Amino acid sequence: MVKKASSIQGGFLFCVLLISAILSIGWGDIGATPAQAAQKADAQKGVASLVDINSATQKELENIKGVGAATAKKIIAGRPYTSVDELSKAGLGAQALEALKPLVTVGKSPAVPLTAVATLVPGTKININTADQATLQTLPDIGPVKARAIIAGRPYKTVEEIMKISGIKDKTFVAIKNYITVK
């Protein structure tokens, strides 16, 4: 009788240890070698450390291997992106783009401020040399990318100089000319 109780206790202890081991390493890792577990941990760290090109600061972009200040500014000016491949519109070559792909991700575009959806009252004049991005986005046909490009192209001596910005040609200029000024 004592021997029977002893073997029951031993079996119970074995089950407790087995369950503890399973819970501590997780079901998906059962049978994984230490090298496989390390690879999985590295992959999880890598996913967590990807830089979101739609929301990263200039400094965060500059911390990516191969991205300097000029490239970081181009990336920011080209926002928002829907895919990493769109970095080509920021002037990145095919080789640089391929090098960046494993290091970056594309998250949701930053929310457009409420002021960006406001309608301009006729007679309103926005100084394109001093207005912030949200204010510029209230102009007809001006989204976040064009607004950042306008800011990057400052200063302007005449309102017509805004047509030097990529994407702002005759049609867009006609839509905004009565709302903009330079001072």
# chains A, B, ... in the order shown; residues from 1 in each chain; ligands from 1
call {"tool": "residues_around", "arguments": {"residues": "Ile176 (chain A)", "least_positions_apart": "6", "cutoff": "9 Å", "atoms": "only C-alpha atoms", "output": "VMD selection string"}}
result
chain A and resid 139 to 142
call {"tool": "write_last_selection", "arguments": {"atoms": "C-alpha atoms", "output": "mmCIF file, in the first residue's frame"}}
result
data_model
loop_
_atom_site.group_PDB
_atom_site.id
_atom_site.type_symbol
_atom_site.label_atom_id
_atom_site.label_comp_id
_atom_site.auth_asym_id
_atom_site.auth_seq_id
_atom_site.Cartn_x
_atom_site.Cartn_y
_atom_site.Cartn_z
ATOM 1 C CA LEU A 139 -6.195 74.596 -49.611
ATOM 2 C CA PRO A 140 -8.032 72.884 -52.490
ATOM 3 C CA ASP A 141 -6.108 69.908 -53.961
ATOM 4 C CA ILE A 142 -3.363 70.150 -51.297
#
call {"tool": "residues_around", "arguments": {"residues": "Ala56 (chain A)", "least_positions_apart": "5", "cutoff": "12 Å", "atoms": "only C-alpha atoms", "output": "number ranges by chain"}}
result
A: 49-51, 61-64, 72-73, 75-76, 79-80, 104-110
call {"tool": "write_last_selection", "arguments": {"atoms": "N, CA and C atoms", "output": "PDB file, in the first residue's frame"}}
result
ATOM      1  N   SER A  49      11.219  45.890 -33.997  1.00  0.00           N
ATOM      2  CA  SER A  49      12.140  46.992 -34.207  1.00  0.00           C
ATOM      3  C   SER A  49      12.065  47.592 -35.610  1.00  0.00           C
ATOM      4  N   LEU A  50      11.116  47.153 -36.444  1.00  0.00           N
ATOM      5  CA  LEU A  50      10.961  47.752 -37.762  1.00  0.00           C
ATOM      6  C   LEU A  50      10.537  49.204 -37.601  1.00  0.00           C
ATOM      7  N   VAL A  51      11.056  50.065 -38.454  1.00  0.00           N
ATOM      8  CA  VAL A  51      10.747  51.483 -38.388  1.00  0.00           C
ATOM      9  C   VAL A  51       9.586  51.784 -39.330  1.00  0.00           C
ATOM     10  N   LEU A  61      14.569  57.750 -38.522  1.00  0.00           N
ATOM     11  CA  LEU A  61      14.920  57.325 -39.883  1.00  0.00           C
ATOM     12  C   LEU A  61      16.433  57.338 -40.075  1.00  0.00           C
ATOM     13  N   GLU A  62      17.100  58.347 -39.533  1.00  0.00           N
ATOM     14  CA  GLU A  62      18.558  58.442 -39.660  1.00  0.00           C
ATOM     15  C   GLU A  62      19.274  57.305 -38.941  1.00  0.00           C
ATOM     16  N   ASN A  63      18.616  56.691 -37.961  1.00  0.00           N
ATOM     17  CA  ASN A  63      19.215  55.565 -37.235  1.00  0.00           C
ATOM     18  C   ASN A  63      19.196  54.270 -38.037  1.00  0.00           C
ATOM     19  N   ILE A  64      18.512  54.274 -39.184  1.00  0.00           N
ATOM     20  CA  ILE A  64      18.480  53.101 -40.048  1.00  0.00           C
ATOM     21  C   ILE A  64      19.775  53.081 -40.848  1.00  0.00           C
ATOM     22  N   ALA A  72      16.430  60.907 -45.082  1.00  0.00           N
ATOM     23  CA  ALA A  72      15.353  60.954 -44.091  1.00  0.00           C
ATOM     24  C   ALA A  72      14.374  62.075 -44.435  1.00  0.00           C
ATOM     25  N   LYS A  73      14.896  63.233 -44.829  1.00  0.00           N
ATOM     26  CA  LYS A  73      14.028  64.358 -45.207  1.00  0.00           C
ATOM     27  C   LYS A  73      13.198  64.011 -46.436  1.00  0.00           C
ATOM     28  N   ILE A  75      12.239  61.011 -47.356  1.00  0.00           N
ATOM     29  CA  ILE A  75      11.236  60.032 -46.935  1.00  0.00           C
ATOM     30  C   ILE A  75      10.064  60.752 -46.272  1.00  0.00           C
ATOM     31  N   ILE A  76      10.370  61.688 -45.391  1.00  0.00           N
ATOM     32  CA  ILE A  76       9.314  62.427 -44.690  1.00  0.00           C
ATOM     33  C   ILE A  76       8.491  63.254 -45.682  1.00  0.00           C
ATOM     34  N   ARG A  79       5.676  61.296 -47.648  1.00  0.00           N
ATOM     35  CA  ARG A  79       4.581  60.646 -46.937  1.00  0.00           C
ATOM     36  C   ARG A  79       3.236  61.127 -47.432  1.00  0.00           C
ATOM     37  N   PRO A  80       2.224  60.325 -47.286  1.00  0.00           N
ATOM     38  CA  PRO A  80       2.155  58.993 -46.706  1.00  0.00           C
ATOM     39  C   PRO A  80       2.457  57.918 -47.749  1.00  0.00           C
ATOM     40  N   VAL A 104      12.223  48.331 -42.538  1.00  0.00           N
ATOM     41  CA  VAL A 104      11.117  49.274 -42.376  1.00  0.00           C
ATOM     42  C   VAL A 104       9.766  48.610 -42.595  1.00  0.00           C
ATOM     43  N   THR A 105       8.753  49.299 -42.171  1.00  0.00           N
ATOM     44  CA  THR A 105       7.376  48.852 -42.362  1.00  0.00           C
ATOM     45  C   THR A 105       6.526  50.063 -42.698  1.00  0.00           C
ATOM     46  N   VAL A 106       5.309  49.810 -43.156  1.00  0.00           N
ATOM     47  CA  VAL A 106       4.389  50.892 -43.475  1.00  0.00           C
ATOM     48  C   VAL A 106       3.175  50.738 -42.580  1.00  0.00           C
ATOM     49  N   GLY A 107       3.079  51.647 -41.627  1.00  0.00           N
ATOM     50  CA  GLY A 107       1.916  51.649 -40.749  1.00  0.00           C
ATOM     51  C   GLY A 107       0.866  52.569 -41.325  1.00  0.00           C
ATOM     52  N   LYS A 108      -0.164  52.798 -40.567  1.00  0.00           N
ATOM     53  CA  LYS A 108      -1.216  53.702 -41.008  1.00  0.00           C
ATOM     54  C   LYS A 108      -0.642  55.103 -41.136  1.00  0.00           C
ATOM     55  N   SER A 109      -1.158  55.851 -42.084  1.00  0.00           N
ATOM     56  CA  SER A 109      -0.763  57.238 -42.240  1.00  0.00           C
ATOM     57  C   SER A 109      -1.216  58.003 -41.013  1.00  0.00           C
ATOM     58  N   PRO A 110      -0.414  58.995 -40.607  1.00  0.00           N
ATOM     59  CA  PRO A 110      -0.853  59.795 -39.470  1.00  0.00           C
ATOM     60  C   PRO A 110      -2.216  60.416 -39.775  1.00  0.00           C
TER      61      PRO A 110
END
call {"tool": "closest_residue", "arguments": {"among": "A:Ala152, A:Val145, A:Ile168, A:Ala77", "to": "Gly91 (chain A)", "atoms": "only C-alpha atoms"}}
result
A:Ala77
call {"tool": "decode", "arguments": {"residues": "region 79-155 of chain A", "atoms": "C-alpha atoms", "output": "compact mmCIF listing (two decimals), in the first residue's frame"}}
result
# COMPACT_ATOMS: atom_id res chain seq x y z
CA ARG A 79 4.58 60.65 -46.94
CA PRO A 80 2.15 58.99 -46.71
CA TYR A 81 3.20 55.61 -48.13
CA THR A 82 0.98 52.60 -48.70
CA SER A 83 3.91 50.24 -49.37
CA VAL A 84 7.67 50.19 -48.85
CA ASP A 85 8.12 50.15 -52.64
CA GLU A 86 6.74 53.69 -52.75
CA LEU A 87 10.02 54.89 -51.23
CA SER A 88 11.15 55.11 -54.85
CA LYS A 89 9.04 58.28 -55.12
CA ALA A 90 11.27 59.77 -52.42
CA GLY A 91 14.23 59.35 -54.76
CA LEU A 92 15.60 56.06 -53.41
CA GLY A 93 17.23 53.86 -56.02
CA ALA A 94 16.43 50.19 -56.46
CA GLN A 95 19.52 49.04 -54.54
CA ALA A 96 18.86 51.37 -51.59
CA LEU A 97 15.21 50.35 -51.58
CA GLU A 98 16.08 46.65 -51.41
CA ALA A 99 18.50 47.31 -48.54
CA LEU A 100 15.78 49.16 -46.58
CA LYS A 101 12.92 46.67 -47.10
CA PRO A 102 13.85 44.34 -44.23
CA LEU A 103 14.33 47.30 -41.87
CA VAL A 104 11.12 49.27 -42.38
CA THR A 105 7.38 48.85 -42.36
CA VAL A 106 4.39 50.89 -43.47
CA GLY A 107 1.92 51.65 -40.75
CA LYS A 108 -1.22 53.70 -41.01
CA SER A 109 -0.76 57.24 -42.24
CA PRO A 110 -0.85 59.79 -39.47
CA ALA A 111 -4.36 61.09 -38.94
CA VAL A 112 -5.17 64.28 -40.80
CA PRO A 113 -5.75 67.10 -38.33
CA LEU A 114 -9.32 68.41 -38.16
CA THR A 115 -8.17 71.75 -39.55
CA ALA A 116 -7.15 69.96 -42.74
CA VAL A 117 -10.75 69.24 -43.63
CA ALA A 118 -11.98 72.76 -43.00
CA THR A 119 -13.39 74.73 -45.90
CA LEU A 120 -11.79 78.05 -46.67
CA VAL A 121 -13.97 81.11 -46.62
CA PRO A 122 -13.70 83.17 -49.82
CA GLY A 123 -11.30 86.03 -49.27
CA THR A 124 -9.11 84.00 -46.89
CA LYS A 125 -5.40 84.41 -47.64
CA ILE A 126 -2.82 81.89 -46.44
CA ASN A 127 0.82 82.98 -46.39
CA ILE A 128 2.64 80.05 -48.01
CA ASN A 129 5.91 81.20 -46.42
CA THR A 130 4.66 80.86 -42.84
CA ALA A 131 1.62 78.53 -42.78
CA ASP A 132 1.94 75.16 -41.06
CA GLN A 133 1.18 71.87 -42.78
CA ALA A 134 -2.38 71.57 -41.44
CA THR A 135 -3.23 75.08 -42.67
CA LEU A 136 -1.76 74.38 -46.11
CA GLN A 137 -3.84 71.22 -46.32
CA THR A 138 -7.02 73.33 -46.12
CA LEU A 139 -6.19 74.60 -49.61
CA PRO A 140 -8.03 72.88 -52.49
CA ASP A 141 -6.11 69.91 -53.96
CA ILE A 142 -3.36 70.15 -51.30
CA GLY A 143 -2.81 67.00 -49.24
CA PRO A 144 -0.07 66.13 -46.75
CA VAL A 145 2.57 65.39 -49.40
CA LYS A 146 2.10 68.64 -51.30
CA ALA A 147 1.84 70.62 -48.05
CA ARG A 148 5.21 69.24 -46.90
CA ALA A 149 6.69 69.99 -50.33
CA ILE A 150 5.45 73.59 -50.11
CA ILE A 151 7.11 73.95 -46.71
CA ALA A 152 10.34 72.41 -48.03
CA GLY A 153 10.38 74.82 -51.00
CA ARG A 154 10.30 78.01 -48.90
CA PRO A 155 10.81 80.93 -49.18
